[in-house]
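Visitor: Here it is, the structure in full.
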Amino acid sequence: MFRIRPIHDDLHPQNREALARVEEILKTQFPGLDDDEIGAVRAQLLNPFAKRFKTILYVAEDARGALQGFAVLMHDPVADFSYLDFIAADRGLTSRGIGGALYQRVREEAFELGKNGLFFECAPDDEGSASTPELLRQNRSRLRFYEQFGARPIIETDYERPLTPGGLDMPHLVYDDLDRGTPLKRSVARKVVRAILERKYADLCPPEYVETVVGSIKADPVKIRPPRYLKSARTQQPAASNPIILVVNDKHQIHHVRDRGYVEAPVRIRAILRDLDPTGYFKRVPAKDYAEKHITAVHDAALVKYLAKVCRGVPPEKSVYPYVFPIRNPGQPPKDLGMQAGYYCIDTFTPLNESAYLAAREAVDCALTAADAVAAGARYAYALVRPPGHHAERRLFGGFCYFNNNAIAAHRLSALGKVAILDVDYHHGNGQQDIFYQRSDVLTVSIHGHPSFAYPYFSGYEAERGEGDGEGFNVNIPLPESRNGSQYREALTKALKKIRAFKPDFLVMALGLDTGRGDPTGSWSLNAEDFEENGRMIAALKLPTLVIQEGGYRTRTLGTNVRRFFTGLMNEPRAKATGKVAASR
């Protein structure tokens with residue numbers, strides 16, 4: 001089991017450790033590279049202007065964080081092409097599927113970065129082109145691997161021309177059209193080859209050599225070698241097919257409070273799934289089981305213990321509602337479990353029953369499963385869960401929420417880099433504010449109804465900005481009682497600006513749909529078109545994004561609004577960069 005994550009800099013200690021391991025693997029897997037070439041990966045990552053390529057390093061790590069492989073993808077925004085510079089697994093791990101997962105991730109990035117495809121070099125596989133039979137076997141195996149993705153060498157050019165008369169042939173330049181079916185134009189190929197030779201190999205390739213190779217590209221469109229190893233060159237999932245990982249709380253229906261007026265009902269999930277299933281955007285995966293330590297990492301262990309104990313003791317079809325709210329003296333909590341409900345709860349309408357703990361626990365598992373999918377390289381993951389979670393604080397539950405799903409997931413992702421939480425529910429995300437109020441590695445941003453009229457009434461003011469190390473890392477954007485879609489997007493624009501300035505590695509989104517017109521718990525009037533536009537704006541952040549379901553209670557429109565949000569999210573091209581397969585020109 002491994003996960004893939006991007007690295008953009010060396011500011012985080014874990015990133016520095018990963019870069020050091022990448023350099024170790026380069027020394028062992030590419031013994032022909034000198035120290036300057038090995039150090040160039042780090043230099044290019046930190047200074048993309050040096051060779052005018054934007055670079056991202058992707059690392060594959062096991063569950064303990066040990067680096068198992070990496071890929072370096074560079075992107076030229078002018079010529080609009082991507083160049084895979086290195087891809088390698090650690091010695092002894094080359095048959096574990098790591099290279100395939102990394103290459104598929106790189107293809108997905110390259111597809112969204114631009115229209116002119118993915119290029120890289122591979123050592124030639126023709127008879128007599130390698131110094132030993134074993135090396136020739138390796139070269140053929142490598143090109144066979146890439147051919148299954150549709151990537152094959154460009155032919156009938158002088159790209160393989162030796163640098164000096166009688167010298168060794170140079171590598172093939174391989175082209176992957178990323179399943180677009182678009183022929184490679186001569187003008188594009190010339191720009192790509194010039195960029196590679198003049199900028200990547202500036203110290204090796206004299207100007208006259210560059211002109212000779214560029215001038216040898218005469219066919220239009222450029223000729224690509226026919227499949228040599230496979231009958232079909234496209235047996236893998238297309239690069240453009242990048243489904244949203246969907247994790248559904250299958251046990252949510254056990255939490256069904258039938259009390260009059262209780263709107264947080266199982267029909268919410270059914271309404272959403274009815275509209276999502278036909279889209280084709282989603283790949284459903286089952287939730288995994290996670291240890292309780294992930295919950296107690298953000299919640300007081302006494303709260304967790306209490307919820308488990310009281311829910312086990314509630315008779316079937318009965319509920320315990322908080323009705324006494326004692327002064328919260330940590331040293332003297334009430335002895336009676338029913339009395340303790342008010343000790344741990346912030347309101348009178350979040351019941352405890354035999355299923356509440358189990359359903360909330362399953363929701364946490366779904367959120368963590370989706371978080372791990374994002375950590376492993378998924379563009380988007382969606383935890384469709386109930387009960388919701390964003391009102392659950394470190395030691396308090398309430399607002400239909402028992403455990404804070406997005407805070408638990410964000411804390412897990414924070415081990416890999418900085419995390420931003422964007423809460424778009426109508427009600428203030430007091431839970432994650434409380435949990436991360438003194439931390440600077442997780443930015444919490446909440447757009448919500450002003451607490452002067454909207455639940456939870458006691459928090460969500462603009463002046464609440466964090467404390468200690470967390471000062472400035474909590475952002476509240478309270479809005480008036482009446483807001484339409486365009487007015488809401490003014491606030492969303494402000495929130496996204498804060499997130500961009502933070503430069504997170506991951507986005508966790510608390511998706512509340514109670515901002516929609518007619519919701520029984522809200523007063524705003526966003527419609528389906530507004531949710532789609534909001535999705536586009538959030539996608540433009542170009543971040544690996546985990547979406548976790550929060551509120552939204554008008555079931556007539558809930559499914560439509562969720563579908564339109566994800567339509568916007570999927571229809572905004574995302575961009576990043578990545579990049580050597582293996583070559584020494």
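Ligands are numbered from 1 in the order shown, residues from 1 within each chain, and chains are lettered A, B, ... in the order they appear in the structure tokens.
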For region 437-439 of chain A, work out the shell of residues within 12 Å, counting only C-alpha atoms and skipping chain neighbours fewer than 4 positions away, then give it as number ranges by chain.
Guide: A: 298, 393-394, 407, 411, 414, 418-420, 429-433, 443-445, 464-476
Visitor: Print the selection's residues with N, CA and C atoms to a file, as a PDB file, in the first residue's frame.
Guide:
```
ATOM      1  N   VAL A 298      -8.031  14.649  17.592  1.00  0.00           N
ATOM      2  CA  VAL A 298      -8.633  15.983  17.543  1.00  0.00           C
ATOM      3  C   VAL A 298      -9.738  16.171  18.573  1.00  0.00           C
ATOM      4  N   GLU A 393     -16.819  20.111  18.394  1.00  0.00           N
ATOM      5  CA  GLU A 393     -15.573  20.726  18.840  1.00  0.00           C
ATOM      6  C   GLU A 393     -14.691  19.685  19.523  1.00  0.00           C
ATOM      7  N   ARG A 394     -13.589  20.134  20.061  1.00  0.00           N
ATOM      8  CA  ARG A 394     -12.663  19.184  20.670  1.00  0.00           C
ATOM      9  C   ARG A 394     -13.344  18.358  21.770  1.00  0.00           C
ATOM     10  N   ALA A 407     -12.313  17.795  10.326  1.00  0.00           N
ATOM     11  CA  ALA A 407     -11.141  18.079  11.156  1.00  0.00           C
ATOM     12  C   ALA A 407     -10.273  16.830  11.320  1.00  0.00           C
ATOM     13  N   HIS A 411      -6.515  16.715   9.910  1.00  0.00           N
ATOM     14  CA  HIS A 411      -5.374  16.407  10.778  1.00  0.00           C
ATOM     15  C   HIS A 411      -4.530  15.288  10.179  1.00  0.00           C
ATOM     16  N   SER A 414      -2.513  16.640   7.381  1.00  0.00           N
ATOM     17  CA  SER A 414      -1.508  17.624   7.790  1.00  0.00           C
ATOM     18  C   SER A 414      -0.146  16.997   8.023  1.00  0.00           C
ATOM     19  N   LYS A 418       0.640  21.263   4.346  1.00  0.00           N
ATOM     20  CA  LYS A 418      -0.348  22.214   4.860  1.00  0.00           C
ATOM     21  C   LYS A 418      -1.739  21.916   4.290  1.00  0.00           C
ATOM     22  N   VAL A 419      -2.747  22.169   5.123  1.00  0.00           N
ATOM     23  CA  VAL A 419      -4.135  21.869   4.762  1.00  0.00           C
ATOM     24  C   VAL A 419      -4.984  23.116   4.967  1.00  0.00           C
ATOM     25  N   ALA A 420      -5.848  23.399   4.011  1.00  0.00           N
ATOM     26  CA  ALA A 420      -6.863  24.434   4.182  1.00  0.00           C
ATOM     27  C   ALA A 420      -8.226  23.773   4.262  1.00  0.00           C
ATOM     28  N   GLY A 429     -18.632  26.933  10.976  1.00  0.00           N
ATOM     29  CA  GLY A 429     -17.882  25.731  11.306  1.00  0.00           C
ATOM     30  C   GLY A 429     -17.131  25.898  12.616  1.00  0.00           C
ATOM     31  N   ASN A 430     -17.879  25.986  13.704  1.00  0.00           N
ATOM     32  CA  ASN A 430     -17.258  26.212  15.016  1.00  0.00           C
ATOM     33  C   ASN A 430     -16.358  25.060  15.447  1.00  0.00           C
ATOM     34  N   GLY A 431     -16.641  23.854  14.929  1.00  0.00           N
ATOM     35  CA  GLY A 431     -15.862  22.690  15.344  1.00  0.00           C
ATOM     36  C   GLY A 431     -14.417  22.777  14.934  1.00  0.00           C
ATOM     37  N   GLN A 432     -14.171  22.974  13.631  1.00  0.00           N
ATOM     38  CA  GLN A 432     -12.776  23.051  13.198  1.00  0.00           C
ATOM     39  C   GLN A 432     -12.102  24.324  13.701  1.00  0.00           C
ATOM     40  N   GLN A 433     -12.885  25.404  13.910  1.00  0.00           N
ATOM     41  CA  GLN A 433     -12.285  26.609  14.493  1.00  0.00           C
ATOM     42  C   GLN A 433     -11.726  26.281  15.874  1.00  0.00           C
ATOM     43  N   LEU A 443      -5.257  25.939   7.904  1.00  0.00           N
ATOM     44  CA  LEU A 443      -6.029  27.176   7.765  1.00  0.00           C
ATOM     45  C   LEU A 443      -7.504  26.830   7.753  1.00  0.00           C
ATOM     46  N   THR A 444      -8.302  27.482   8.603  1.00  0.00           N
ATOM     47  CA  THR A 444      -9.737  27.245   8.625  1.00  0.00           C
ATOM     48  C   THR A 444     -10.460  28.492   8.112  1.00  0.00           C
ATOM     49  N   VAL A 445     -11.292  28.310   7.094  1.00  0.00           N
ATOM     50  CA  VAL A 445     -12.043  29.407   6.484  1.00  0.00           C
ATOM     51  C   VAL A 445     -13.511  29.007   6.463  1.00  0.00           C
ATOM     52  N   GLU A 464     -12.582  36.680  15.288  1.00  0.00           N
ATOM     53  CA  GLU A 464     -11.996  35.425  15.774  1.00  0.00           C
ATOM     54  C   GLU A 464     -10.975  34.943  14.751  1.00  0.00           C
ATOM     55  N   ARG A 465      -9.698  35.201  15.014  1.00  0.00           N
ATOM     56  CA  ARG A 465      -8.653  34.979  14.006  1.00  0.00           C
ATOM     57  C   ARG A 465      -7.634  33.921  14.413  1.00  0.00           C
ATOM     58  N   GLY A 466      -7.813  33.280  15.567  1.00  0.00           N
ATOM     59  CA  GLY A 466      -6.838  32.316  16.050  1.00  0.00           C
ATOM     60  C   GLY A 466      -6.034  32.875  17.203  1.00  0.00           C
ATOM     61  N   GLU A 467      -5.318  31.961  17.887  1.00  0.00           N
ATOM     62  CA  GLU A 467      -4.501  32.351  19.030  1.00  0.00           C
ATOM     63  C   GLU A 467      -3.125  31.725  18.933  1.00  0.00           C
ATOM     64  N   GLY A 468      -2.140  32.382  19.550  1.00  0.00           N
ATOM     65  CA  GLY A 468      -0.790  31.833  19.590  1.00  0.00           C
ATOM     66  C   GLY A 468      -0.260  31.577  18.194  1.00  0.00           C
ATOM     67  N   ASP A 469       0.242  30.369  17.966  1.00  0.00           N
ATOM     68  CA  ASP A 469       0.754  30.021  16.638  1.00  0.00           C
ATOM     69  C   ASP A 469      -0.329  30.097  15.575  1.00  0.00           C
ATOM     70  N   GLY A 470      -1.579  29.964  16.008  1.00  0.00           N
ATOM     71  CA  GLY A 470      -2.682  29.965  15.050  1.00  0.00           C
ATOM     72  C   GLY A 470      -3.241  31.332  14.730  1.00  0.00           C
ATOM     73  N   GLU A 471      -2.678  32.375  15.290  1.00  0.00           N
ATOM     74  CA  GLU A 471      -3.217  33.710  15.031  1.00  0.00           C
ATOM     75  C   GLU A 471      -3.101  34.049  13.543  1.00  0.00           C
ATOM     76  N   GLY A 472      -4.226  34.428  12.958  1.00  0.00           N
ATOM     77  CA  GLY A 472      -4.270  34.747  11.534  1.00  0.00           C
ATOM     78  C   GLY A 472      -4.630  33.570  10.654  1.00  0.00           C
ATOM     79  N   PHE A 473      -4.749  32.369  11.250  1.00  0.00           N
ATOM     80  CA  PHE A 473      -5.013  31.172  10.462  1.00  0.00           C
ATOM     81  C   PHE A 473      -6.447  30.665  10.638  1.00  0.00           C
ATOM     82  N   ASN A 474      -7.300  31.498  11.237  1.00  0.00           N
ATOM     83  CA  ASN A 474      -8.739  31.226  11.273  1.00  0.00           C
ATOM     84  C   ASN A 474      -9.442  32.420  10.639  1.00  0.00           C
ATOM     85  N   VAL A 475     -10.220  32.153   9.605  1.00  0.00           N
ATOM     86  CA  VAL A 475     -10.873  33.220   8.849  1.00  0.00           C
ATOM     87  C   VAL A 475     -12.376  32.992   8.855  1.00  0.00           C
ATOM     88  N   ASN A 476     -13.116  33.923   9.414  1.00  0.00           N
ATOM     89  CA  ASN A 476     -14.570  33.873   9.395  1.00  0.00           C
ATOM     90  C   ASN A 476     -15.109  34.962   8.471  1.00  0.00           C
TER      91      ASN A 476
END
```
Visitor: Run DSSP on the backbone and grab whatever in region 295-403 of chain A lands in alpha helix (DSSP H); send it over as an MDAnalysis selection string.
Guide: chainID A and resid 295:296 301:313 337:344 356:375
Visitor: When you look at region 349-361 of chain A with a cut-off of 7 Å (counting only C-alpha atoms), what residues show up, excluding the ones that are within fewer than 2 positions of it in the same chain? I need them as a count of residues only.
Guide: 25
Visitor: Which one of A:Thr515, A:Thr557, A:Thr493, A:Ser141 sits closest to Leu541 (chain A) if you count only C-alpha atoms?
Guide: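 With only C-alpha atoms as the atom set, the closest residue is A:Thr493.
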Visitor: Separation of CA of Gly114 (chain A) and CA of Tyr175 (chain A), in Å?
Guide: 14.1 Å
Visitor: Got a sec to tell me which of region 136-307 of chain A DSSP assigns to strand (DSSP E), as a list in words?
Guide: Arg152, Pro153, His172, Leu173, Val174, Tyr175, Asp176, Ile244, Ile245, Leu246, Val247, Val248, Phe282, Lys283 and Arg284 of chain A
Visitor: Grab the residues selected above and save them as a compact mmCIF listing (two decimals), in the first residue's frame with all heavy atoms.
Guide:
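Result saved to out_35.txt:
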```txt
# COMPACT_ATOMS: atom_id res chain seq x y z
N ARG A 152 4.46 6.21 -27.65
CA ARG A 152 5.40 5.55 -28.54
C ARG A 152 6.41 6.56 -29.09
O ARG A 152 6.14 7.77 -29.13
CB ARG A 152 4.66 4.86 -29.69
CG ARG A 152 3.59 3.90 -29.22
CD ARG A 152 3.03 3.03 -30.33
NE ARG A 152 2.48 3.79 -31.43
CZ ARG A 152 1.26 4.33 -31.46
NH1 ARG A 152 0.47 4.21 -30.40
NH2 ARG A 152 0.82 4.98 -32.51
N PRO A 153 7.57 6.08 -29.57
CA PRO A 153 8.62 7.00 -30.03
C PRO A 153 8.23 7.76 -31.31
O PRO A 153 7.52 7.25 -32.17
CB PRO A 153 9.80 6.07 -30.31
CG PRO A 153 9.54 4.84 -29.50
CD PRO A 153 8.05 4.69 -29.49
N HIS A 172 15.30 7.68 -27.75
CA HIS A 172 14.07 8.03 -28.45
C HIS A 172 13.38 9.18 -27.70
O HIS A 172 13.42 9.24 -26.47
CB HIS A 172 13.09 6.85 -28.47
CG HIS A 172 13.53 5.68 -29.29
ND1 HIS A 172 13.99 5.81 -30.58
CD2 HIS A 172 13.55 4.35 -28.99
CE1 HIS A 172 14.28 4.60 -31.05
NE2 HIS A 172 14.02 3.71 -30.11
N LEU A 173 12.71 10.04 -28.44
CA LEU A 173 11.77 10.98 -27.84
C LEU A 173 10.39 10.33 -27.97
O LEU A 173 9.92 10.07 -29.08
CB LEU A 173 11.80 12.34 -28.54
CG LEU A 173 10.84 13.38 -27.93
CD1 LEU A 173 11.22 13.70 -26.49
CD2 LEU A 173 10.83 14.66 -28.77
N VAL A 174 9.76 10.08 -26.85
CA VAL A 174 8.48 9.37 -26.81
C VAL A 174 7.36 10.38 -26.62
O VAL A 174 7.48 11.33 -25.84
CB VAL A 174 8.47 8.31 -25.69
CG1 VAL A 174 7.15 7.56 -25.65
CG2 VAL A 174 9.63 7.33 -25.87
N TYR A 175 6.25 10.14 -27.33
CA TYR A 175 5.10 11.05 -27.28
C TYR A 175 3.87 10.30 -26.79
O TYR A 175 3.54 9.23 -27.28
CB TYR A 175 4.84 11.62 -28.68
CG TYR A 175 3.55 12.40 -28.82
CD1 TYR A 175 3.32 13.53 -28.06
CD2 TYR A 175 2.56 11.99 -29.73
CE1 TYR A 175 2.13 14.25 -28.20
CE2 TYR A 175 1.38 12.70 -29.88
CZ TYR A 175 1.17 13.83 -29.10
OH TYR A 175 0.01 14.55 -29.24
N ASP A 176 3.21 10.87 -25.79
CA ASP A 176 1.95 10.35 -25.26
C ASP A 176 0.89 11.42 -25.51
O ASP A 176 0.96 12.52 -24.95
CB ASP A 176 2.09 10.07 -23.76
CG ASP A 176 0.88 9.36 -23.15
OD1 ASP A 176 -0.22 9.46 -23.73
OD2 ASP A 176 1.04 8.72 -22.09
N ILE A 244 -13.95 10.93 -9.54
CA ILE A 244 -13.98 11.35 -8.14
C ILE A 244 -14.17 10.10 -7.29
O ILE A 244 -15.09 9.31 -7.52
CB ILE A 244 -15.15 12.32 -7.91
CG1 ILE A 244 -15.03 13.55 -8.80
CG2 ILE A 244 -15.22 12.72 -6.44
CD1 ILE A 244 -16.28 14.41 -8.84
N ILE A 245 -13.29 9.91 -6.33
CA ILE A 245 -13.44 8.77 -5.43
C ILE A 245 -14.61 9.07 -4.50
O ILE A 245 -14.66 10.10 -3.82
CB ILE A 245 -12.15 8.55 -4.61
CG1 ILE A 245 -10.97 8.25 -5.55
CG2 ILE A 245 -12.35 7.42 -3.61
CD1 ILE A 245 -11.16 7.04 -6.42
N LEU A 246 -15.58 8.16 -4.49
CA LEU A 246 -16.79 8.33 -3.69
C LEU A 246 -16.83 7.28 -2.58
O LEU A 246 -16.77 6.08 -2.85
CB LEU A 246 -18.03 8.20 -4.58
CG LEU A 246 -19.39 8.19 -3.87
CD1 LEU A 246 -19.64 9.51 -3.15
CD2 LEU A 246 -20.50 7.92 -4.89
N VAL A 247 -16.90 7.75 -1.34
CA VAL A 247 -17.01 6.86 -0.19
C VAL A 247 -18.31 7.20 0.53
O VAL A 247 -18.48 8.31 1.02
CB VAL A 247 -15.81 7.01 0.77
CG1 VAL A 247 -15.83 5.89 1.81
CG2 VAL A 247 -14.49 7.02 0.01
N VAL A 248 -19.22 6.25 0.57
CA VAL A 248 -20.55 6.48 1.13
C VAL A 248 -20.67 5.78 2.48
O VAL A 248 -20.26 4.62 2.63
CB VAL A 248 -21.66 5.97 0.18
CG1 VAL A 248 -23.04 6.23 0.78
CG2 VAL A 248 -21.53 6.63 -1.18
N PHE A 282 -18.00 9.41 -10.83
CA PHE A 282 -17.57 8.85 -9.55
C PHE A 282 -17.13 7.40 -9.66
O PHE A 282 -17.66 6.62 -10.44
CB PHE A 282 -18.70 8.97 -8.52
CG PHE A 282 -19.10 10.38 -8.22
CD1 PHE A 282 -20.05 11.03 -9.00
CD2 PHE A 282 -18.50 11.07 -7.18
CE1 PHE A 282 -20.41 12.34 -8.73
CE2 PHE A 282 -18.84 12.38 -6.92
CZ PHE A 282 -19.80 13.02 -7.70
N LYS A 283 -16.16 7.06 -8.83
CA LYS A 283 -15.73 5.68 -8.63
C LYS A 283 -15.93 5.36 -7.16
O LYS A 283 -15.25 5.91 -6.29
CB LYS A 283 -14.26 5.49 -9.01
CG LYS A 283 -13.73 4.09 -8.75
CD LYS A 283 -12.26 3.98 -9.06
CE LYS A 283 -11.72 2.59 -8.74
NZ LYS A 283 -10.25 2.49 -9.00
N ARG A 284 -16.87 4.49 -6.89
CA ARG A 284 -17.21 4.20 -5.50
C ARG A 284 -16.26 3.18 -4.90
O ARG A 284 -15.98 2.14 -5.51
CB ARG A 284 -18.65 3.71 -5.42
CG ARG A 284 -19.18 3.58 -4.01
CD ARG A 284 -20.70 3.56 -4.01
NE ARG A 284 -21.23 3.26 -2.69
CZ ARG A 284 -22.52 3.29 -2.42
NH1 ARG A 284 -23.41 3.58 -3.35
NH2 ARG A 284 -22.95 3.02 -1.19
```
Visitor: Using Å and a single decimal, report how far CA of Asp423 (chain A) sits from CA of Gly449 (chain A).
Guide: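 Rounded to one decimal, the two atoms are 11.8 Å apart.
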Visitor: Closest to Gly389 (chain A) among A:Ala287, A:Asn405, A:Asp62, A:Leu513, using only C-alpha atoms?
Guide: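 Comparing A:Ala287, A:Asn405, A:Asp62, A:Leu513 against Gly389 (chain A), the winner is A:Asn405.
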Visitor: Interatomic distance between CA of His428 (chain A) and CA of Phe458 (chain A)?
Guide: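 Separation between CA of His428 (chain A) and CA of Phe458 (chain A): 9.6 Å.
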Visitor: Residues within 7 Å of Pro478 (chain A), please, as JSON, numbers by chain. Count only C-alpha atoms; anything in the same chain fewer than 3 positions from it doesn't count.
Guide: {"A": [447, 448, 449, 450, 460, 461, 462]}
